[in-house]
Amino acid sequence: MGEQSGFERNVGLFMAVMIGIGAMMGPGVFALPSEVAGSIGPLGIIAYLLMGGLTLFTALSYSELGAAIPIAGGGYSFVSRTLPDPVAFLTGWFFWIGNTLACSLYAVIFALTIKNYFLPELSVVLVVVATTVIFTASNYRGQAEALKAITVMNIIELVILLGVGVLGLFQVEPVNLEPFAPMGLGPLLPTMGMIYISYVGFDLITVAAEEIIEPAKNIPRAILITLGVGVGIYVLVLYVMMGVVNYTELAQTSTPFIFVADVLFGAWGRWAGVVATIMASLSAFSVTLGASARVLFALGRDGYVPGVLARLHPKHNTPHIALFVCAGIVTLLGASGIVRLLASASSFGYLIAIGVVNYAVIALHQKMPALRRPFKIMLYPTIPILGIIACWFFVPLLEPQSLLLGSGLTVVGGVLYLIQPDNRPDFSALPAAVHQLILRIQAYWRPHMNVLIVGGGSQGSNIADRLLKQDEFRMVFRSSEYQITFIEQDEARCETLERRYNVPIFQGDGTKQEILDQVEPHKMDVAIAATSNDERNAIVALQAKRLGIDRVIAIARDPDYVSLMEDSGIVCISAPYATAAMVENYLDRPGVADLFEIETGVASLIDMEVPEGADVVGQVIKDIDIPEQCVVAAIIRGDEFVVPRGKTEVCAGDHIVFVGPSAAIQTAHDLFKEKPGDS
């Protein structure tokens with residue numbers, strides 16, 4: 001199985017649900033009920049129920065998109081594949097606004113709980129800073145690492161919520177629910193807009209899509225389970241909270257759940273409520289901080305904001321630079337300590353962005369009908385259209401201060417976008433010193449490369465395995481990180497690719513322009529024609545070149561096709577047994593590839609791992625009968641780079657790098673693979 005470079009897939013269905021629950025069970029039940037009570041009274045129960053129902057449209061849209069395009073970035077990544085670049089950037093930026101402000105909100109909820117029940121003299125800002133530092137360190141080590149603590153906190157929180165909700169049903173006083181709408185129906189819609197943040201936990205499941213196992217199945221399931229559990233708990237607990245105490249009392253407290261638990265069960269209830277509030281705010285904080293960093297990472301990876309934000313930590317494979325930036329901004333925003341403003345401004349970002357994501361489903365069907373969709377929305381296009389309406393309708397109803405804050409952050413994002421040279425060609429006149437600085441940064445951080453592979457048979461799969469594999473050898477030489485997209489005509493083969501790689505897969509004839517158009521060739525850095533038929537590969541390569549893909553590679557066995565494609569600026573690789581290695585060499589080390597003329601098969605550079613028990617294990621290089629035209633160029637031994645000499649001993653597990661003509665390399669390859677008794 002190809003192991004993708006970058007994020008590690010280690011999050012199963014249960015953990016994916018924990019991501020959603022961890023984000024959802026935060027302000028919606030532990031802080032916002034007091035704001036809701038002050039705005040509309042017991043009618044808030046209906047507000048939560050209605051918003052949950054409206055959110056279902058969006059959840060279904062996310063399920064289809066997440067299963068079809070399982071890559072990091074969530075809603076932003078969906079839009080970037082289906083809509084123009086400026087729209088994609090703004091969508092990602094609005095998601096980042098929503099996540100970052102939500103994260104600040106969770107830190108404030110935690111700080112207020114500590115201040116009210118443990119240390120009254122303690123500064124809210126100090127608690128926000130300490131919380132951010134601790135959970136930044138946790139996310140720095142990886143999503144799975146953070147989820148271990150989050151899962152424990154979520155379970156404790158859910159047990160307490162359900163306990164208070166179920167037991168509290170027996171103590172609801174109907175008189176507290178009268179009048180049911182003391183402020184009338186007017187505040188209902190603005191309140192629904194404010195509490196929208198309570199339902200966006202499922203979005204964060206797709207943000208971590210590249211870390212979820214079997215995303216085609218687990219992402220839709222996790223989304224729908226998260227929303228169902230969330231709506232049920234919200235309506236139950238809010239009914240109990242409004243029915244146990246009068247809404248006017250509930251509106252006076254900054255920790256409404258703890259207040260109601262105290263009324264119901266005394267000291268035991270109070271401290272159970274404190275524990276649940278702490279668990280909810282911290283788990284939501286951790287999940288949302290990680291999501292905020294991953295959205296910023298995705299924006300940097302695609303060139304919309306400075307590329308430094310797209311760097312992954314070499315050991316933990318986490319977007320640590322983006323994480324540190326988000327942590328700093330969360331601290332600054334959290335210092336305000338204003339729950340209502342942070343909640344409303346966060347909803348501003350989410351509502352705009354998620355509305356665009358709903359539209360992306362329609363764009364997906366129109367522009368990419370060949371893209372495989374393991375989960376399909378019923379009643380298309382009614383569901384995504386209702387999702388759009390359910391989001392954008394509430395934006396003008398938000399508080400003016402939150403609209404102002406959200407608009408200010410939008411302007412900041414626009415400035416970052418415009419200063420990127422690729423986004424605004426007019427900036428090519430920047431001073432030479434600035435250009436040199438940009439080039440140095442780009443040389444240090446590996447860019448993200450979108451690779452289209454047409455043909456999902458053994459040839460295409462081998463190439464994908466090479467490009468997606470992550471080990472010490474490739475970390476030394478690799479110049480880019482790769483995001484693969486497949487085009488394959490055979491349905492059974494598509495299903496195999498889907499299970500094996502978890503990447504976007506278009507089912508159709510890759511020689512046809514209408515299929516190539518759907519993958520948006522202007523966003524592809526490289527196209528590789530890797531079917532088993534030379535004629536088809538030639539057509540695919542020529543089509544890709546004509547559609548504007550700069551770097552096109554074609555696999556050909558018949559030398560008659562080589563000159564045809566080379567005359568069109570297409571790299572032609574014709575050595576069948578070394579094709580995958582040669583493609584990788586060309587992409588990662590184009591200078592070396594040109595030197596050895598790999599497109600004509602004169603020479604190539606490949607690597608292999610020496611197996612246990614091979615004849616050469618324990619021998620020194622000078623005693624091994626290596627063909628004269630073949631050179632052992634390097635040895636990678638664990639974390640060590642070994643310069644090969646005549647007296648260098650070969651060890652089991654060594655990665656040996658050969659350079660030379662194809663026939664000589666094949667002989668050396670077989671020699672180093674050979675075990676006693678094989679010959």
# chains A, B, ... in the order shown; residues from 1 in each chain; ligands from 1
$ closest_atom_pairs --of "segment 251-295 of chain A" --to "segment 309-318 of chain A" --cutoff "12 Å" --atoms "only C-alpha atoms" --output "JSON lines"
{"residue": "A:Gly290", "atom": "CA", "partner": "A:Thr318", "partner_atom": "CA", "distance": 9.2}
{"residue": "A:Ala291", "atom": "CA", "partner": "A:Thr318", "partner_atom": "CA", "distance": 11.3}
{"residue": "A:Ser292", "atom": "CA", "partner": "A:Leu309", "partner_atom": "CA", "distance": 11.8}
{"residue": "A:Ala293", "atom": "CA", "partner": "A:Leu309", "partner_atom": "CA", "distance": 8.8}
{"residue": "A:Arg294", "atom": "CA", "partner": "A:Thr318", "partner_atom": "CA", "distance": 8.6}
{"residue": "A:Val295", "atom": "CA", "partner": "A:Ala310", "partner_atom": "CA", "distance": 9.8}
$ select_by_dssp --residues "segment 80-207 of chain A" --states "helix (DSSP H, G or I)" --output "PyMOL selection string"
chain A and resi 80-82+85-117+124-140+143-171+174-177+188-199+201-207
$ write_last_selection --atoms "C-alpha atoms" --output "short mmCIF file (atom, residue, chain, number, x, y, z; two decimals), in the first residue's frame"
data_model
loop_
_atom_site.label_atom_id
_atom_site.label_comp_id
_atom_site.auth_asym_id
_atom_site.auth_seq_id
_atom_site.Cartn_x
_atom_site.Cartn_y
_atom_site.Cartn_z
CA SER A 80 -10.43 24.86 -4.07
CA ARG A 81 -11.11 21.85 -6.30
CA THR A 82 -14.37 23.16 -7.72
CA ASP A 85 -8.97 30.54 -6.83
CA PRO A 86 -10.11 33.83 -5.21
CA VAL A 87 -13.33 32.16 -4.05
CA ALA A 88 -11.35 29.19 -2.71
CA PHE A 89 -9.01 31.45 -0.79
CA LEU A 90 -11.81 33.53 0.75
CA THR A 91 -13.65 30.37 1.75
CA GLY A 92 -10.55 29.00 3.45
CA TRP A 93 -9.92 32.32 5.15
CA PHE A 94 -13.51 32.51 6.45
CA PHE A 95 -13.06 29.00 7.84
CA TRP A 96 -9.88 30.11 9.50
CA ILE A 97 -11.71 33.10 11.02
CA GLY A 98 -14.45 30.82 12.34
CA ASN A 99 -12.04 28.26 13.79
CA THR A 100 -9.70 30.80 15.36
CA LEU A 101 -12.45 32.85 17.00
CA ALA A 102 -14.17 29.67 18.20
CA CYS A 103 -10.89 28.53 19.71
CA SER A 104 -10.58 31.86 21.54
CA LEU A 105 -14.15 31.45 22.78
CA TYR A 106 -13.40 28.01 24.26
CA ALA A 107 -10.35 29.40 26.03
CA VAL A 108 -12.50 32.16 27.55
CA ILE A 109 -15.15 29.68 28.73
CA PHE A 110 -12.46 27.63 30.46
CA ALA A 111 -10.89 30.75 31.98
CA LEU A 112 -14.24 32.01 33.33
CA THR A 113 -14.93 28.60 34.88
CA ILE A 114 -11.57 28.58 36.66
CA LYS A 115 -12.03 32.18 37.79
CA ASN A 116 -15.60 31.71 39.08
CA TYR A 117 -15.11 28.41 40.90
CA VAL A 124 -8.66 35.54 32.51
CA VAL A 125 -5.83 36.51 30.13
CA LEU A 126 -3.31 34.45 32.14
CA VAL A 127 -5.53 31.36 31.95
CA VAL A 128 -6.03 31.84 28.20
CA VAL A 129 -2.27 32.06 27.67
CA ALA A 130 -1.52 28.98 29.79
CA THR A 131 -4.25 26.95 28.07
CA THR A 132 -2.98 27.91 24.63
CA VAL A 133 0.61 26.96 25.48
CA ILE A 134 -0.36 23.53 26.86
CA PHE A 135 -2.61 22.53 23.96
CA THR A 136 -0.29 23.95 21.34
CA ALA A 137 2.34 21.58 22.71
CA SER A 138 -0.16 18.69 22.53
CA ASN A 139 -1.17 19.42 18.91
CA TYR A 140 2.49 19.89 18.00
CA GLN A 143 -3.66 14.90 16.03
CA ALA A 144 -3.74 11.32 17.28
CA GLU A 145 -1.66 12.31 20.31
CA ALA A 146 -4.06 15.13 21.16
CA LEU A 147 -7.10 12.89 20.55
CA LYS A 148 -6.09 10.52 23.33
CA ALA A 149 -6.70 13.24 25.90
CA ILE A 150 -9.70 14.60 23.97
CA THR A 151 -11.42 11.21 23.94
CA VAL A 152 -11.15 10.85 27.71
CA MET A 153 -12.47 14.39 28.21
CA ASN A 154 -15.36 13.82 25.79
CA ILE A 155 -16.48 10.64 27.51
CA ILE A 156 -16.48 12.31 30.94
CA GLU A 157 -18.32 15.32 29.53
CA LEU A 158 -20.99 13.24 27.75
CA VAL A 159 -21.66 11.09 30.82
CA ILE A 160 -22.26 14.20 32.94
CA LEU A 161 -24.37 15.90 30.26
CA LEU A 162 -26.61 12.89 29.82
CA GLY A 163 -26.81 12.37 33.57
CA VAL A 164 -27.92 15.93 34.22
CA GLY A 165 -30.26 15.86 31.21
CA VAL A 166 -32.01 12.58 32.02
CA LEU A 167 -32.25 13.09 35.78
CA GLY A 168 -33.19 16.72 35.33
CA LEU A 169 -36.26 15.78 33.27
CA PHE A 170 -37.98 14.72 36.48
CA GLN A 171 -37.50 18.15 38.04
CA PRO A 174 -43.74 23.80 33.57
CA VAL A 175 -44.20 27.24 35.09
CA ASN A 176 -40.57 28.08 34.22
CA LEU A 177 -41.38 27.55 30.54
CA LEU A 188 -35.54 33.96 17.07
CA LEU A 189 -33.62 34.25 13.79
CA PRO A 190 -30.73 36.41 15.14
CA THR A 191 -30.34 33.98 18.02
CA MET A 192 -30.22 31.04 15.62
CA GLY A 193 -27.44 32.81 13.75
CA MET A 194 -25.48 33.34 16.96
CA ILE A 195 -25.71 29.69 18.03
CA TYR A 196 -24.67 28.35 14.62
CA ILE A 197 -21.17 27.88 16.04
CA SER A 198 -22.65 25.12 18.21
CA TYR A 199 -23.17 22.88 15.18
CA GLY A 201 -18.09 20.31 14.89
CA PHE A 202 -18.65 18.00 11.92
CA ASP A 203 -16.75 20.41 9.67
CA LEU A 204 -13.59 19.74 11.67
CA ILE A 205 -13.86 16.04 10.83
CA THR A 206 -13.19 16.85 7.19
CA VAL A 207 -10.37 19.24 8.10
#
$ closest_residue --among "A:Leu409, A:Leu83, A:Val17, A:Val642" --to "Gln366 of chain A" --atoms "only C-alpha atoms"
A:Leu83
$ residues_around --residues "Arg372 of chain A" --least-positions-apart "3" --cutoff "7 Å" --atoms "only C-alpha atoms" --output "ChimeraX atom specification"
/A:68,505-507
$ closest_residue --among "A:Thr485, A:His522, A:Asp509, A:Leu452" --to "Val552 of chain A" --atoms "only C-alpha atoms"
A:Leu452
$ closest_residue --among "A:Gly303, A:Gly355, A:Val308, A:Pro319" --to "Leu418 of chain A" --atoms "only C-alpha atoms"
A:Gly303
$ atom_distance --atom1 "atom CA of Tyr239 of chain A" --atom2 "atom CA of Ile45 of chain A"
6.1 Å
$ residues_around --residues "Ile539 of chain A" --least-positions-apart "2" --cutoff "9 Å" --atoms "only C-alpha atoms" --output "ChimeraX atom specification"
/A:510-512,529,534-537,541-544
$ residues_around --residues "segment 634-637 of chain A" --least-positions-apart "3" --cutoff "8 Å" --atoms "only C-alpha atoms" --output "list of chain:residue names"
A:Glu472, A:Phe473, A:Glu640, A:Phe641, A:Val642, A:Val643, A:Pro644, A:Gly653, A:Asp654, A:His655, A:Ile656, A:Val657, A:Phe658
$ residues_around --residues "Ile69 of chain A" --least-positions-apart "5" --cutoff "12 Å" --atoms "only C-alpha atoms" --output "count of residues only"
42
$ residues_around --residues "segment 240-242 of chain A" --least-positions-apart "4" --cutoff "12 Å" --atoms "only C-alpha atoms" --output "PDB file with C-alpha atoms, in the first residue's frame"
ATOM      1  CA  VAL A  29     -24.461  23.882  25.975  1.00  0.00           C
ATOM      2  CA  PHE A  30     -21.983  25.254  28.522  1.00  0.00           C
ATOM      3  CA  ALA A  31     -21.922  29.006  27.793  1.00  0.00           C
ATOM      4  CA  LEU A  32     -24.403  30.163  25.150  1.00  0.00           C
ATOM      5  CA  PRO A  33     -27.626  29.087  26.936  1.00  0.00           C
ATOM      6  CA  SER A  34     -27.328  32.147  29.185  1.00  0.00           C
ATOM      7  CA  VAL A  36     -29.996  32.564  24.533  1.00  0.00           C
ATOM      8  CA  ALA A  37     -32.075  32.903  27.693  1.00  0.00           C
ATOM      9  CA  GLY A  38     -31.442  36.645  27.746  1.00  0.00           C
ATOM     10  CA  ILE A  40     -35.473  34.825  23.615  1.00  0.00           C
ATOM     11  CA  GLY A  41     -36.174  32.876  26.821  1.00  0.00           C
ATOM     12  CA  PRO A  42     -37.490  29.269  26.600  1.00  0.00           C
ATOM     13  CA  LEU A  43     -38.004  29.737  22.857  1.00  0.00           C
ATOM     14  CA  GLY A  44     -34.282  28.977  22.703  1.00  0.00           C
ATOM     15  CA  ILE A  45     -35.179  25.267  22.793  1.00  0.00           C
ATOM     16  CA  ILE A  46     -36.881  25.663  19.427  1.00  0.00           C
ATOM     17  CA  LEU A 161     -24.367  15.904  30.257  1.00  0.00           C
ATOM     18  CA  LEU A 162     -26.605  12.893  29.818  1.00  0.00           C
ATOM     19  CA  GLY A 163     -26.808  12.366  33.574  1.00  0.00           C
ATOM     20  CA  VAL A 164     -27.921  15.930  34.216  1.00  0.00           C
ATOM     21  CA  GLY A 165     -30.256  15.863  31.206  1.00  0.00           C
ATOM     22  CA  VAL A 166     -32.011  12.581  32.021  1.00  0.00           C
ATOM     23  CA  LEU A 167     -32.246  13.089  35.781  1.00  0.00           C
ATOM     24  CA  GLY A 168     -33.188  16.724  35.332  1.00  0.00           C
ATOM     25  CA  LEU A 169     -36.262  15.784  33.268  1.00  0.00           C
ATOM     26  CA  PHE A 170     -37.981  14.717  36.481  1.00  0.00           C
ATOM     27  CA  GLN A 171     -37.503  18.152  38.043  1.00  0.00           C
ATOM     28  CA  VAL A 172     -38.679  20.381  35.207  1.00  0.00           C
ATOM     29  CA  GLU A 173     -41.279  22.899  36.384  1.00  0.00           C
ATOM     30  CA  PRO A 174     -43.735  23.800  33.573  1.00  0.00           C
ATOM     31  CA  VAL A 175     -44.200  27.244  35.086  1.00  0.00           C
ATOM     32  CA  ASN A 176     -40.575  28.081  34.222  1.00  0.00           C
ATOM     33  CA  LEU A 177     -41.383  27.551  30.545  1.00  0.00           C
ATOM     34  CA  GLU A 178     -44.110  30.206  30.583  1.00  0.00           C
ATOM     35  CA  PRO A 179     -44.287  32.453  28.724  1.00  0.00           C
ATOM     36  CA  PHE A 180     -42.530  30.349  26.123  1.00  0.00           C
ATOM     37  CA  ALA A 181     -41.625  33.342  23.944  1.00  0.00           C
ATOM     38  CA  ILE A 233     -28.048  16.466  23.687  1.00  0.00           C
ATOM     39  CA  TYR A 234     -28.608  20.175  22.998  1.00  0.00           C
ATOM     40  CA  VAL A 235     -32.403  19.925  22.953  1.00  0.00           C
ATOM     41  CA  LEU A 236     -32.504  17.649  26.001  1.00  0.00           C
ATOM     42  CA  ASN A 246     -36.511  30.749  35.229  1.00  0.00           C
ATOM     43  CA  TYR A 247     -34.918  32.080  32.085  1.00  0.00           C
ATOM     44  CA  THR A 248     -34.219  35.442  33.792  1.00  0.00           C
ATOM     45  CA  GLU A 249     -32.008  33.687  36.366  1.00  0.00           C
ATOM     46  CA  LEU A 250     -30.244  31.670  33.672  1.00  0.00           C
ATOM     47  CA  ALA A 251     -29.453  34.864  31.755  1.00  0.00           C
ATOM     48  CA  THR A 255     -21.650  29.401  33.502  1.00  0.00           C
ATOM     49  CA  PRO A 256     -25.274  28.307  32.954  1.00  0.00           C
ATOM     50  CA  PHE A 257     -24.761  24.531  32.962  1.00  0.00           C
ATOM     51  CA  ILE A 258     -22.919  24.594  36.277  1.00  0.00           C
ATOM     52  CA  PHE A 259     -25.586  26.888  37.721  1.00  0.00           C
ATOM     53  CA  VAL A 260     -28.417  24.494  36.760  1.00  0.00           C
ATOM     54  CA  ALA A 261     -26.504  21.394  37.924  1.00  0.00           C
ATOM     55  CA  ASP A 262     -26.011  23.116  41.280  1.00  0.00           C
ATOM     56  CA  VAL A 263     -29.745  23.834  41.563  1.00  0.00           C
ATOM     57  CA  LEU A 264     -30.588  20.236  40.696  1.00  0.00           C
TER      58      LEU A 264
END
$ closest_residue --among "A:Ser461, A:Ser563, A:Asn218, A:Gln629" --to "Ile528 of chain A" --atoms "only C-alpha atoms"
A:Ser461
$ closest_residue --among "A:Ile515, A:Leu397, A:Ile21, A:Ala222" --to "Ser344 of chain A" --atoms "only C-alpha atoms"
A:Leu397
